[in-house]
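Chemist: coords-v9.cif is reproduced in full below (mmCIF, C-alpha atoms and all ligand atoms).
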```cif
data_start
#
loop_
_atom_site.label_atom_id
_atom_site.label_comp_id
_atom_site.auth_asym_id
_atom_site.auth_seq_id
_atom_site.Cartn_x
_atom_site.Cartn_y
_atom_site.Cartn_z
CA MET Z 53 24.50 34.78 80.41
CA THR Z 54 24.92 38.38 79.61
CA VAL Z 55 28.61 37.83 79.75
CA GLN Z 56 30.12 39.66 76.89
CA ARG Z 57 33.72 38.70 76.60
CA SER Z 58 34.86 40.87 79.43
CA LYS Z 59 31.81 42.32 81.21
CA ILE Z 60 29.83 40.42 83.77
CA MET Z 61 26.92 41.26 86.04
CA VAL Z 62 27.46 40.22 89.64
CA ALA Z 63 25.20 40.27 92.66
CA CYS Z 64 27.01 42.18 95.30
CA GLY Z 65 25.53 42.74 98.72
CA SER Z 66 22.04 44.04 98.04
CA GLY Z 67 22.65 45.22 94.48
CA GLU Z 68 24.05 44.33 91.11
CA ARG Z 69 27.01 45.72 89.33
CA MET Z 70 28.65 45.37 85.98
CA VAL Z 71 32.28 44.37 86.35
CA GLU Z 72 35.19 43.38 84.17
CA LEU Z 73 37.66 40.54 84.30
CA THR Z 74 41.28 41.19 85.13
CA PRO Z 75 43.62 40.64 82.14
CA ALA Z 76 45.01 37.57 83.92
CA LEU Z 77 41.53 36.04 84.08
CA LEU Z 78 40.86 36.97 80.47
CA ARG Z 79 43.93 35.02 79.39
CA LYS Z 80 42.61 31.87 81.04
CA ALA Z 81 40.86 29.12 79.11
CA PRO Z 82 37.08 29.71 78.71
CA ILE Z 83 36.35 26.89 81.16
CA ASP Z 84 38.20 28.80 83.92
CA ARG Z 85 36.41 32.10 83.36
CA PRO Z 86 33.31 32.95 85.38
CA THR Z 87 29.91 31.62 84.39
CA VAL Z 88 26.44 31.88 85.87
CA GLY Z 89 26.36 30.50 89.41
CA ASP Z 90 30.01 31.18 90.12
CA TRP Z 91 31.28 32.77 93.30
CA VAL Z 92 33.91 35.32 92.51
CA VAL Z 93 36.35 37.58 94.29
CA LEU Z 94 36.30 41.26 93.31
CA ASP Z 95 39.20 43.63 93.61
CA GLU Z 96 39.22 46.42 96.19
CA SER Z 97 37.39 48.88 93.97
CA LEU Z 98 34.69 46.25 93.34
CA SER Z 99 35.04 46.82 89.61
CA ARG Z 100 36.98 43.77 88.49
CA ILE Z 101 36.76 40.04 89.03
CA GLU Z 102 40.09 38.78 90.25
CA ASN Z 103 39.29 35.18 90.89
CA VAL Z 104 36.71 32.45 90.51
CA LEU Z 105 36.27 30.35 93.64
CA GLU Z 106 36.47 26.60 93.46
CA ARG Z 107 33.26 25.16 92.01
CA LYS Z 108 31.38 22.37 93.74
CA SER Z 109 29.83 21.40 90.42
CA LEU Z 110 30.13 22.55 86.83
CA PHE Z 111 27.83 21.80 83.92
CA LYS Z 112 29.89 22.12 80.74
CA ARG Z 113 29.84 21.15 77.11
CA LEU Z 114 32.09 21.41 74.10
CA GLY Z 115 31.54 24.87 72.59
CA ALA Z 116 29.01 25.11 69.77
CA GLY Z 117 29.80 25.67 66.11
CA GLY Z 118 32.77 23.32 65.81
CA SER Z 119 34.75 24.91 68.64
CA ASN Z 120 37.20 22.60 70.35
CA GLU Z 121 37.05 24.24 73.74
CA LEU Z 122 35.11 23.26 76.80
CA GLN Z 123 32.53 25.87 77.70
CA PRO Z 124 31.16 26.36 81.22
CA ILE Z 125 27.34 26.54 81.26
CA ALA Z 126 26.40 26.78 84.95
CA ALA Z 127 28.43 26.44 88.14
CA ASN Z 128 27.60 25.29 91.67
CA ILE Z 129 24.32 23.66 90.67
CA ASP Z 130 22.92 21.09 93.13
CA THR Z 131 20.04 19.82 91.06
CA LEU Z 132 19.55 19.90 87.31
CA PHE Z 133 15.99 19.88 86.01
CA ILE Z 134 16.24 18.34 82.56
CA VAL Z 135 13.06 19.63 80.97
CA THR Z 136 11.34 17.94 78.06
CA SER Z 137 7.71 17.72 76.90
CA CYS Z 138 5.18 14.92 76.48
CA ASN Z 139 5.12 15.26 72.70
CA GLU Z 140 7.32 14.71 69.65
CA GLU Z 141 10.02 16.85 71.28
CA PHE Z 142 10.68 13.95 73.71
CA LYS Z 143 13.83 12.05 72.72
CA GLU Z 144 15.51 9.44 74.89
CA SER Z 145 18.85 10.03 73.19
CA ARG Z 146 18.87 13.70 74.13
CA LEU Z 147 17.96 12.82 77.72
CA GLU Z 148 20.82 10.32 77.88
CA ARG Z 149 23.20 12.99 76.64
CA TYR Z 150 21.98 15.48 79.27
CA LEU Z 151 22.22 12.80 81.96
CA ALA Z 152 25.83 12.02 81.10
CA LEU Z 153 26.74 15.73 81.16
CA CYS Z 154 24.85 16.18 84.44
CA THR Z 155 26.63 13.23 86.06
CA GLU Z 156 29.95 14.62 84.92
CA ALA Z 157 28.98 18.02 86.32
CA GLY Z 158 28.44 16.54 89.77
CA ALA Z 159 24.79 17.62 89.95
CA MET Z 160 21.69 15.57 90.75
CA PRO Z 161 19.44 15.07 87.69
CA VAL Z 162 15.63 15.24 87.72
CA ILE Z 163 13.75 14.69 84.46
CA VAL Z 164 10.79 17.06 84.24
CA LEU Z 165 8.13 16.16 81.67
CA THR Z 166 5.97 19.18 80.87
CA LYS Z 167 2.68 19.39 78.98
CA ALA Z 168 1.42 16.20 80.67
CA ASP Z 169 -2.01 17.90 80.69
CA LEU Z 170 -2.13 17.85 76.88
CA VAL Z 171 -1.86 14.06 76.45
CA ASP Z 172 -3.71 10.95 77.63
CA ASP Z 173 -0.61 8.82 77.90
CA ALA Z 174 1.73 10.84 80.12
CA ASP Z 175 2.54 7.56 81.88
CA THR Z 176 4.11 6.21 78.72
CA TYR Z 177 6.51 9.16 78.66
CA VAL Z 178 7.29 8.69 82.35
CA ARG Z 179 8.11 5.02 81.76
CA ARG Z 180 10.32 5.86 78.78
CA ALA Z 181 12.10 8.61 80.74
CA ARG Z 182 12.74 6.27 83.72
CA LYS Z 183 14.54 3.86 81.41
CA THR Z 184 17.15 6.43 80.41
CA LYS Z 185 19.03 6.04 83.72
CA SER Z 186 18.42 3.64 86.53
CA GLY Z 187 16.84 5.40 89.52
CA VAL Z 188 16.53 8.83 87.91
CA PRO Z 189 13.59 10.81 89.38
CA VAL Z 190 10.93 11.74 86.82
CA GLU Z 191 8.16 14.30 87.37
CA ALA Z 192 5.29 14.72 84.88
CA ILE Z 193 3.67 18.12 85.25
CA ASN Z 194 1.51 20.84 83.82
CA ALA Z 195 3.93 23.72 84.19
CA LEU Z 196 1.08 26.22 84.25
CA ASP Z 197 -0.58 24.65 87.30
CA PRO Z 198 0.87 25.43 90.76
CA ALA Z 199 -0.66 22.27 92.27
CA SER Z 200 0.92 20.14 89.57
CA ILE Z 201 4.45 21.41 90.14
CA LYS Z 202 4.36 20.81 93.91
CA GLY Z 203 6.51 17.73 93.35
CA LEU Z 204 9.33 19.94 92.12
CA SER Z 205 9.43 21.95 95.33
CA SER Z 206 10.95 19.06 97.21
CA TRP Z 207 14.12 19.60 95.19
CA ILE Z 208 14.32 23.28 96.02
CA ASP Z 209 15.04 24.48 99.52
CA SER Z 210 16.56 27.67 100.80
CA THR Z 211 20.09 26.39 100.40
CA SER Z 212 19.87 24.74 97.01
CA THR Z 213 20.61 25.94 93.53
CA VAL Z 214 18.66 24.40 90.69
CA ALA Z 215 19.22 24.87 86.98
CA LEU Z 216 16.68 24.36 84.23
CA VAL Z 217 17.97 23.01 80.94
CA GLY Z 218 16.15 21.85 77.85
CA SER Z 219 15.23 22.81 74.33
CA SER Z 220 13.43 25.99 73.47
CA GLY Z 221 9.68 25.93 74.11
CA VAL Z 222 9.58 23.02 76.55
CA GLY Z 223 8.36 25.27 79.39
CA LYS Z 224 11.43 26.34 81.36
CA SER Z 225 10.24 29.92 81.82
CA THR Z 226 6.74 28.69 82.63
CA ILE Z 227 8.09 26.45 85.42
CA LEU Z 228 10.11 29.33 86.74
CA ASN Z 229 7.11 31.66 86.83
CA THR Z 230 4.81 29.11 88.42
CA LEU Z 231 7.42 28.21 91.04
CA ALA Z 232 7.93 31.87 91.80
CA GLY Z 233 4.17 32.38 92.05
CA GLN Z 234 4.72 36.09 91.91
CA ALA Z 235 6.95 38.60 90.26
CA LEU Z 236 10.40 37.14 90.62
CA ALA Z 237 12.73 38.80 93.05
CA SER Z 238 15.53 40.53 91.29
CA THR Z 239 18.96 39.00 91.32
CA GLY Z 240 19.97 41.86 93.60
CA ASP Z 241 18.31 40.03 96.47
CA ILE Z 242 20.41 36.97 96.05
CA ARG Z 243 21.75 35.71 99.31
CA ASP Z 244 25.29 36.68 100.00
CA ASP Z 245 27.43 34.33 102.00
CA ASP Z 246 28.42 37.13 104.34
CA LYS Z 247 32.10 36.70 103.83
CA LYS Z 248 33.60 39.91 102.61
CA GLY Z 249 34.72 39.92 99.03
CA ARG Z 250 32.52 37.08 97.89
CA HIS Z 251 29.81 37.56 95.36
CA THR Z 252 27.78 35.44 93.04
CA THR Z 253 28.08 36.11 89.38
CA THR Z 254 24.64 36.37 87.96
CA HIS Z 255 22.84 37.47 84.89
CA ARG Z 256 19.20 37.96 84.14
CA GLU Z 257 18.78 34.18 84.14
CA LEU Z 258 19.59 33.74 87.83
CA HIS Z 259 16.53 34.06 90.07
CA ILE Z 260 15.66 33.75 93.71
CA LEU Z 261 12.50 31.83 94.62
CA PRO Z 262 10.15 32.55 97.52
CA SER Z 263 11.69 29.54 99.33
CA GLY Z 264 15.07 31.25 99.14
CA GLY Z 265 16.44 28.74 96.66
CA LEU Z 266 18.27 29.91 93.57
CA LEU Z 267 17.10 28.98 90.12
CA VAL Z 268 19.17 29.29 86.98
CA ASP Z 269 17.38 29.35 83.65
CA VAL Z 270 19.85 28.19 81.02
CA PRO Z 271 18.82 29.50 77.60
CA GLY Z 272 17.90 26.73 75.13
CA MET Z 273 21.02 24.97 73.82
CA ARG Z 274 20.82 23.51 70.36
CA GLU Z 275 24.10 21.70 70.41
CA LEU Z 276 25.24 19.60 73.33
CA ARG Z 277 28.53 18.07 72.33
CA VAL Z 278 30.32 16.05 74.96
CA ALA Z 279 34.04 15.87 75.84
CA ASP Z 280 35.97 14.68 78.88
CA ILE Z 281 33.08 12.62 80.25
CA ASP Z 282 34.71 9.18 80.26
CA GLY Z 283 33.31 7.91 83.54
CA SER Z 284 29.86 9.41 83.23
CA ILE Z 285 28.75 7.59 80.10
CA GLY Z 286 29.16 4.30 81.96
CA THR Z 287 27.09 5.62 84.87
CA VAL Z 288 24.14 6.43 82.61
CA PHE Z 289 24.45 3.21 80.61
CA GLU Z 290 25.31 0.91 83.50
CA ASP Z 291 22.81 -1.67 82.18
CA ILE Z 292 24.78 -1.98 78.94
CA GLU Z 293 28.12 -2.07 80.74
CA ALA Z 294 26.86 -4.82 83.05
CA LEU Z 295 25.74 -6.84 80.03
CA ALA Z 296 29.03 -6.19 78.24
CA ALA Z 297 30.87 -7.75 81.17
CA GLN Z 298 29.12 -11.02 80.25
CA CYS Z 299 30.10 -11.00 76.57
CA ARG Z 300 32.30 -13.92 75.51
CA PHE Z 301 35.08 -11.60 74.28
CA ALA Z 302 36.44 -8.98 76.60
CA ASP Z 303 36.88 -6.57 73.68
CA CYS Z 304 33.43 -7.27 72.21
CA HIS Z 305 32.06 -4.43 70.04
CA HIS Z 306 28.52 -5.78 70.32
CA GLU Z 307 28.14 -5.89 66.55
CA THR Z 308 28.28 -9.42 65.18
CA GLU Z 309 30.36 -11.27 67.76
CA PRO Z 310 29.15 -14.67 68.95
CA GLY Z 311 28.32 -14.89 72.63
CA CYS Z 312 27.50 -11.17 72.85
CA ALA Z 313 25.28 -10.58 75.89
CA VAL Z 314 24.33 -7.09 74.70
CA LEU Z 315 22.99 -8.31 71.36
CA ARG Z 316 21.18 -11.12 73.13
CA ALA Z 317 19.44 -8.60 75.39
CA ILE Z 318 18.30 -6.69 72.30
CA GLU Z 319 16.96 -9.87 70.68
CA GLU Z 320 15.11 -10.71 73.86
CA GLY Z 321 13.54 -7.26 73.96
CA GLU Z 322 15.31 -6.26 77.17
CA LEU Z 323 17.40 -3.52 75.60
CA ASP Z 324 16.56 -0.99 72.89
CA ARG Z 325 18.75 -1.01 69.81
CA ARG Z 326 18.47 2.78 69.89
CA ARG Z 327 19.97 2.91 73.38
CA LEU Z 328 22.94 0.79 72.32
CA SER Z 329 23.61 3.00 69.28
CA ASN Z 330 23.38 6.15 71.36
CA TYR Z 331 25.80 4.64 73.90
CA LYS Z 332 28.28 3.89 71.12
CA LYS Z 333 27.73 7.29 69.54
CA LEU Z 334 28.46 9.12 72.81
CA LEU Z 335 31.56 6.98 73.43
CA ARG Z 336 32.89 7.74 69.93
CA GLU Z 337 32.11 11.44 70.14
CA ASN Z 338 33.67 11.68 73.59
CA ALA Z 339 36.82 9.76 72.62
CA LEU Z 340 37.39 11.97 69.60
CA ALA Z 341 36.74 15.25 71.40
CA THR Z 342 38.78 14.23 74.45
CA ALA Z 343 41.74 13.30 72.23
CA THR Z 344 41.53 16.68 70.48
CA LEU Z 345 41.43 18.47 73.85
CA ALA Z 346 44.42 16.48 75.12
CA GLU Z 347 46.37 17.33 71.98
CA LYS Z 348 45.58 21.01 72.41
CA ARG Z 349 46.66 20.93 76.05
CA ALA Z 350 49.91 19.20 75.09
CA GLN Z 351 50.56 21.84 72.43
CA GLY Z 352 49.94 24.52 75.07
CA ARG Z 353 52.44 22.81 77.38
CA ASP Z 354 55.02 22.51 74.60
CA PHE Z 355 54.59 26.17 73.80
CA ALA Z 356 54.97 27.17 77.47
CA LYS Z 357 58.10 24.99 77.69
CA MET Z 358 59.56 26.59 74.59
CA VAL Z 359 58.93 30.09 75.94
CA LYS Z 360 60.66 29.08 79.18
CA GLU Z 361 63.65 27.68 77.27
CA VAL Z 362 63.97 30.79 75.12
CA LYS Z 363 63.82 32.94 78.24
CA ALA Z 364 66.51 30.82 79.90
CA ILE Z 365 68.76 31.16 76.84
CA LYS Z 366 68.25 34.92 76.76
CA GLN Z 367 68.99 35.11 80.47
CA LYS Z 368 72.18 33.12 80.01
CA LYS Z 369 73.26 35.38 77.20
CA GLY Z 370 72.56 38.39 79.38
CA ASP Z 371 74.65 36.83 82.15
CA THR Z 372 77.72 36.32 80.02
N1 LIG P 401 -0.56 23.20 78.52
C1 LIG P 401 0.71 23.39 78.88
N2 LIG P 401 1.43 24.36 78.26
C2 LIG P 401 2.72 24.54 78.63
C3 LIG P 401 3.33 23.74 79.62
N3 LIG P 401 4.62 24.13 79.75
C4 LIG P 401 4.80 25.14 78.89
N4 LIG P 401 3.66 25.40 78.20
C5 LIG P 401 3.49 26.41 77.14
O1 LIG P 401 4.51 26.21 76.18
C6 LIG P 401 5.00 27.45 75.66
C7 LIG P 401 6.51 27.56 75.79
O2 LIG P 401 6.85 27.63 77.18
P1 LIG P 401 8.12 28.46 77.70
O3 LIG P 401 8.04 28.41 79.18
O4 LIG P 401 8.18 29.79 77.07
O5 LIG P 401 9.31 27.58 77.14
P2 LIG P 401 10.90 27.76 77.40
O6 LIG P 401 11.42 26.40 77.65
O7 LIG P 401 11.13 28.76 78.45
O8 LIG P 401 11.41 28.26 76.01
P3 LIG P 401 12.72 29.18 75.71
O9 LIG P 401 12.57 30.43 76.55
O10 LIG P 401 12.60 29.44 74.24
O11 LIG P 401 13.94 28.38 76.06
C8 LIG P 401 4.21 28.53 76.41
O12 LIG P 401 3.13 28.94 75.60
C9 LIG P 401 3.72 27.83 77.65
O13 LIG P 401 2.51 28.37 78.13
C10 LIG P 401 2.53 22.70 80.25
O14 LIG P 401 2.99 21.93 81.11
N5 LIG P 401 1.24 22.59 79.83
ZN ZN P 402 29.08 -7.90 73.22
#
```
Starting from the file, give its structure as C-alpha cells.

Modeler:
Amino acid sequence: MTVQRSKIMVACGSGERMVELTPALLRKAPIDRPTVGDWVVLDESLSRIENVLERKSLFKRLGAGGSNELQPIAANIDTLFIVTSCNEEFKESRLERYLALCTEAGAMPVIVLTKADLVDDADTYVRRARKTKSGVPVEAINALDPASIKGLSSWIDSTSTVALVGSSGVGKSTILNTLAGQALASTGDIRDDDKKGRHTTTHRELHILPSGGLLVDVPGMRELRVADIDGSIGTVFEDIEALAAQCRFADCHHETEPGCAVLRAIEEGELDRRRLSNYKKLLRENALATATLAEKRAQGRDFAKMVKEVKAIKQKKGDT
C-alpha cells in the first residue's frame, strides 16, 4: 500500500484523495491503523482519517525483519486467492502457512495454481494442493488465457472483495489483467456505500473488475510469520489433530512415544512427515510470537497504570 506512515490514498465518492491520519490514530498500534480494504471515516474537511470502521475480516502477519508487532495486510476480504505456480515454486508448507493466516483472517481461501499450461502433470499439483487443507477449493489455470480463468469468476461477484497473495512472479498481476479483460478501472470508480462520511482506503493495488467486484493485489511478501493464530492451525491440520486424539498419551509429542497414532499414520503412508513437521513448526513459532505479544501488551498496560497512578498522586498533591 502506498501508505507512508501518515499519508493514505482513499477513494472518496467518484475520486481519490491523499489524506492524513489524526494524531490519535497515529498513536494506535499498527494493527489498528488503516490498511488496504478498510472503510474509514474522514473529518469534516475530508483531509484526515478519524476512524477505521470495524473490519469483517483482517489478513495480518507478524511484521517483517524481526518486528514483534502485528501488521495488517488487507481488510474486509471475502475470498483470498492464494496463488502459486505448477513448478519448483510450489511448496505445501507455504500453502499451509497461508491457509492458517487466511482462516484466522476470517476469509475464504482458494488455492490458485498458475502456469498449468507449462506442465504435463498439473493434476499432480492439484492433488498435492488439495491435501493441504480438507475441502479447500483448488483451481489450476493458465493466467494468460481468459477461458482458463473462468473458474475464478465464480468467486467474484459485484459484492465481493478478493485479495491475491503469493510470491513474486507467480502471476498475480497476470490474473488481475486477464480478469479485468480491459484497462482496469481506476480506484476512483470504487463503489461507495452511499452513507455519508464512509470511504474505502485504497492504494494503487485496489482495483474494480468489470463484474463490480473489488480485487486487492497484495505485493509479494517474502516473510509470513504467524502470531495469535491459535485456533486456525488446528483448522488447517485437522487430520493431525484427529489422529493426535487417538494417541495413547494425552500429551503425546508424536516423536518417539509408543501408541502414537500420528507416527503410525506416517509409517502407513497416510500422513507426510513434512506435514507433521510443518504443523509443529507453526505451533512453536505461534506460541513464541504470541507470548512475546502478550508480554508487550502487559508492559503497555503496566505503563498505562503507572501513568494513571502518577497522575492521581499529582492530583492529590494539587488538592492539598
Ligand atoms: N505460461 C504462463 N505464464 C504465466 C502464467 N501466469 C503468469 N505467467 C507469466 O509469469 C510472469 C510473472 O507474472 P506476474 O503476473 O508478473 O507475477 P506477479 O505474481 O504479479 O509478480 P509480482 O508483481 O512480482 O508480485 C509473467 O511473465 C507472466 O506472463 C500462466 O498461467 N501461464
Ligand atoms: Zn502421538

Chemist: Would you pick out the contacts of His306 (chain Z) at 10 Å or less, using only C-alpha atoms, so that residues sharing its chain but fewer than 4 positions from it are not included, and give the list as a PyMOL selection string?

Modeler: chain Z and resi 296+299+301+310-316+328+332

Chemist: Show me, as CSV, the residues of chain Z having an atom within 9 Å of ligand LIG 401 (chain P), each with the closest atom pair and its distance in Å, using all atoms listed in the file.

Modeler:
```
residue,atom,partner,partner_atom,distance
Z:Val135,CA,P:LIG401,O6,7.7
Z:Thr136,CA,P:LIG401,O6,8.5
Z:Ser137,CA,P:LIG401,O14,7.6
Z:Cys138,CA,P:LIG401,O14,8.7
Z:Leu165,CA,P:LIG401,O14,7.7
Z:Thr166,CA,P:LIG401,O14,4.1
Z:Lys167,CA,P:LIG401,O14,3.3
Z:Ala168,CA,P:LIG401,O14,6.0
Z:Asp169,CA,P:LIG401,N5,5.8
Z:Leu170,CA,P:LIG401,N1,5.8
Z:Ala192,CA,P:LIG401,O14,8.5
Z:Ile193,CA,P:LIG401,O14,5.7
Z:Asn194,CA,P:LIG401,O14,3.3
Z:Ala195,CA,P:LIG401,O14,3.7
Z:Leu196,CA,P:LIG401,C10,5.5
Z:Asp197,CA,P:LIG401,O14,7.6
Z:Ser200,CA,P:LIG401,O14,8.9
Z:Leu216,CA,P:LIG401,O6,8.7
Z:Val217,CA,P:LIG401,O6,8.1
Z:Gly218,CA,P:LIG401,O6,6.6
Z:Ser219,CA,P:LIG401,O11,6.0
Z:Ser220,CA,P:LIG401,O11,3.6
Z:Gly221,CA,P:LIG401,O8,3.5
Z:Val222,CA,P:LIG401,O6,4.0
Z:Gly223,CA,P:LIG401,O3,3.2
Z:Lys224,CA,P:LIG401,O6,3.7
Z:Ser225,CA,P:LIG401,O7,3.7
Z:Thr226,CA,P:LIG401,O3,3.7
Z:Ile227,CA,P:LIG401,O3,6.5
Z:Leu228,CA,P:LIG401,O3,7.9
Z:Asn229,CA,P:LIG401,O3,8.4
Z:Asp269,CA,P:LIG401,O7,8.2
Z:Val270,CA,P:LIG401,O11,7.7
Z:Pro271,CA,P:LIG401,O11,5.2
Z:Gly272,CA,P:LIG401,O11,4.4
Z:Met273,CA,P:LIG401,O11,8.2
```

Chemist: What does the file look like for those residues with C-alpha atoms, as a PDB file, in the frame of the given file?

Modeler:
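Writing done, so here's again.pdb:
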```
ATOM      1  CA  VAL Z 135      13.060  19.630  80.970  1.00  0.00           C
ATOM      2  CA  THR Z 136      11.340  17.940  78.060  1.00  0.00           C
ATOM      3  CA  SER Z 137       7.710  17.720  76.900  1.00  0.00           C
ATOM      4  CA  CYS Z 138       5.180  14.920  76.480  1.00  0.00           C
ATOM      5  CA  LEU Z 165       8.130  16.160  81.670  1.00  0.00           C
ATOM      6  CA  THR Z 166       5.970  19.180  80.870  1.00  0.00           C
ATOM      7  CA  LYS Z 167       2.680  19.390  78.980  1.00  0.00           C
ATOM      8  CA  ALA Z 168       1.420  16.200  80.670  1.00  0.00           C
ATOM      9  CA  ASP Z 169      -2.010  17.900  80.690  1.00  0.00           C
ATOM     10  CA  LEU Z 170      -2.130  17.850  76.880  1.00  0.00           C
ATOM     11  CA  ALA Z 192       5.290  14.720  84.880  1.00  0.00           C
ATOM     12  CA  ILE Z 193       3.670  18.120  85.250  1.00  0.00           C
ATOM     13  CA  ASN Z 194       1.510  20.840  83.820  1.00  0.00           C
ATOM     14  CA  ALA Z 195       3.930  23.720  84.190  1.00  0.00           C
ATOM     15  CA  LEU Z 196       1.080  26.220  84.250  1.00  0.00           C
ATOM     16  CA  ASP Z 197      -0.580  24.650  87.300  1.00  0.00           C
ATOM     17  CA  SER Z 200       0.920  20.140  89.570  1.00  0.00           C
ATOM     18  CA  LEU Z 216      16.680  24.360  84.230  1.00  0.00           C
ATOM     19  CA  VAL Z 217      17.970  23.010  80.940  1.00  0.00           C
ATOM     20  CA  GLY Z 218      16.150  21.850  77.850  1.00  0.00           C
ATOM     21  CA  SER Z 219      15.230  22.810  74.330  1.00  0.00           C
ATOM     22  CA  SER Z 220      13.430  25.990  73.470  1.00  0.00           C
ATOM     23  CA  GLY Z 221       9.680  25.930  74.110  1.00  0.00           C
ATOM     24  CA  VAL Z 222       9.580  23.020  76.550  1.00  0.00           C
ATOM     25  CA  GLY Z 223       8.360  25.270  79.390  1.00  0.00           C
ATOM     26  CA  LYS Z 224      11.430  26.340  81.360  1.00  0.00           C
ATOM     27  CA  SER Z 225      10.240  29.920  81.820  1.00  0.00           C
ATOM     28  CA  THR Z 226       6.740  28.690  82.630  1.00  0.00           C
ATOM     29  CA  ILE Z 227       8.090  26.450  85.420  1.00  0.00           C
ATOM     30  CA  LEU Z 228      10.110  29.330  86.740  1.00  0.00           C
ATOM     31  CA  ASN Z 229       7.110  31.660  86.830  1.00  0.00           C
ATOM     32  CA  ASP Z 269      17.380  29.350  83.650  1.00  0.00           C
ATOM     33  CA  VAL Z 270      19.850  28.190  81.020  1.00  0.00           C
ATOM     34  CA  PRO Z 271      18.820  29.500  77.600  1.00  0.00           C
ATOM     35  CA  GLY Z 272      17.900  26.730  75.130  1.00  0.00           C
ATOM     36  CA  MET Z 273      21.020  24.970  73.820  1.00  0.00           C
TER      37      MET Z 273
END
```

Chemist: Please measure the separation of CA of Met70 (chain Z) and CA of Asn103 (chain Z), giving the value in Å to one decimal.

Modeler: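 Taking CA of Met70 (chain Z) as the start and CA of Asn103 (chain Z) as the end point, the length is 15.5 Å.
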
Chemist: I'd like to know which of Z:Gln367, Z:Gln298, Z:Ser284, Z:Ser119 is closest to ligand ZN 402 (chain P), using all atoms listed in the file.

Modeler: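 Smallest separation from ligand ZN 402 (chain P) among the options: Z:Gln298.
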
Chemist: Which residues, written as a ChimeraX atom specification, have at least one atom at most 10 Å from Ala181 (chain Z), with only C-alpha atoms counted and residues fewer than 3 positions away on the same chain left out?

Modeler: /Z:136,142-144,147-148,163-165,175-178,184-186,188-191

Chemist: Of the residues Z:Lys366, Z:Arg300, Z:Lys360, Z:Lys348, which is the one nearest to ligand ZN 402 (chain P), using only C-alpha atoms and all ligand atoms?

Modeler: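 When distances to ligand ZN 402 (chain P) are compared using only C-alpha atoms and all ligand atoms, the smallest one comes from Z:Arg300.
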
Chemist: Restricting the calculation to only C-alpha atoms: of Z:Met160, Z:Val214, Z:Ile101, Z:Cys304, which residue gets closest to Gly264 (chain Z)?

Modeler: Z:Val214

Chemist: Identify, on the basis of only C-alpha atoms, every residue whose closest approach to Leu105 (chain Z) does not exceed 9 Å; exclude the query and any residue fewer than 5 positions from it along the same chain; express the result as a PyMOL selection string.

Modeler: chain Z and resi 90-93+250

Chemist: Work out how far CA of Ile281 (chain Z) is from CA of Leu204 (chain Z), in Å to one decimal.

Modeler: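 Calculated distance between CA of Leu204 (chain Z) and CA of Ile281 (chain Z) is 27.5 Å.
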
Chemist: Just give me the gap between CA of Thr131 (chain Z) and CA of Pro161 (chain Z) in Å, one decimal is fine.

Modeler: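 Separation of CA of Thr131 (chain Z) and CA of Pro161 (chain Z): 5.9 Å.
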
Chemist: Using only C-alpha atoms and all ligand atoms, which residue out of Z:Arg182, Z:His305, Z:Lys368, Z:Arg349 lies closest to ligand ZN 402 (chain P)?

Modeler: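 Once distances to ligand ZN 402 (chain P) are computed over only C-alpha atoms and all ligand atoms, the minimum belongs to Z:His305.
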
Chemist: For a quick check of understanding, using all atoms listed in the file, which of Z:Ala317, Z:Gln351, Z:Leu267, Z:Glu309 has the smallest distance to ligand ZN 402 (chain P)?

Modeler: Z:Glu309

Chemist: Skip Leu231 (chain Z) itself and residues of its chain fewer than 6 positions away, then list as a VMD selection string all residues within 9 Å of it, counting only C-alpha atoms.

Modeler: chain Z and resid 195 198 201 to 202 204 to 205 261 to 262

Chemist: Determine the nearest neighbour of Asp291 (chain Z) from the options Z:Ile125, Z:Ala343, Z:Lys183, Z:Leu334, counting all atoms listed in the file.

Modeler: Z:Lys183

Chemist: Using all atoms listed in the file, determine which residues lie at most 8 Å from Leu258 (chain Z), disregarding the query and same-chain residues fewer than 6 positions distant; provide the list as a ChimeraX atom specification.

Modeler: /Z:88-89,239,266-269

Chemist: Please work out which residues fall within 6 Å of (25.0, 25.4, 71.1), coordinates as given in the file, with only C-alpha atoms counting, and return them as a list in words.

Modeler: Ala116, Met273, Arg274 and Glu275 of chain Z

Chemist: In file coordinates, which residues lie within 7 Å of (29.7, 23.3, 87.4) using all atoms listed in the file, given as a list in words?

Modeler: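 Answer for this query, in the requested form: Arg107, Lys108, Ser109, Leu110, Phe111, Lys112, Ala126, Ala127, Asn128, Ile129 and Ala157 of chain Z.
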
Chemist: Can you sort out region 80-87 of chain Z so it carries N, CA and C atoms, written as a JSON list (two decimals), in the coordinates of the input?

Modeler:
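Wrote out_26.json, looks like this:
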```json
[["chain", "number", "residue", "atom", "x", "y", "z"],
["Z", 80, "LYS", "N", 42.87, 33.27, 80.69],
["Z", 80, "LYS", "CA", 42.61, 31.87, 81.04],
["Z", 80, "LYS", "C", 41.71, 31.19, 80.01],
["Z", 81, "ALA", "N", 41.72, 29.88, 80.01],
["Z", 81, "ALA", "CA", 40.86, 29.12, 79.11],
["Z", 81, "ALA", "C", 39.40, 29.43, 79.46],
["Z", 82, "PRO", "N", 38.50, 29.38, 78.45],
["Z", 82, "PRO", "CA", 37.08, 29.71, 78.71],
["Z", 82, "PRO", "C", 36.50, 28.96, 79.90],
["Z", 83, "ILE", "N", 36.91, 27.72, 80.09],
["Z", 83, "ILE", "CA", 36.35, 26.89, 81.16],
["Z", 83, "ILE", "C", 36.69, 27.47, 82.55],
["Z", 84, "ASP", "N", 37.77, 28.24, 82.63],
["Z", 84, "ASP", "CA", 38.20, 28.80, 83.92],
["Z", 84, "ASP", "C", 37.69, 30.22, 84.15],
["Z", 85, "ARG", "N", 36.97, 30.75, 83.17],
["Z", 85, "ARG", "CA", 36.41, 32.10, 83.36],
["Z", 85, "ARG", "C", 35.04, 31.97, 84.01],
["Z", 86, "PRO", "N", 34.57, 33.06, 84.64],
["Z", 86, "PRO", "CA", 33.31, 32.95, 85.38],
["Z", 86, "PRO", "C", 32.09, 32.65, 84.51],
["Z", 87, "THR", "N", 31.17, 31.89, 85.06],
["Z", 87, "THR", "CA", 29.91, 31.62, 84.39],
["Z", 87, "THR", "C", 28.80, 31.81, 85.41]]
```
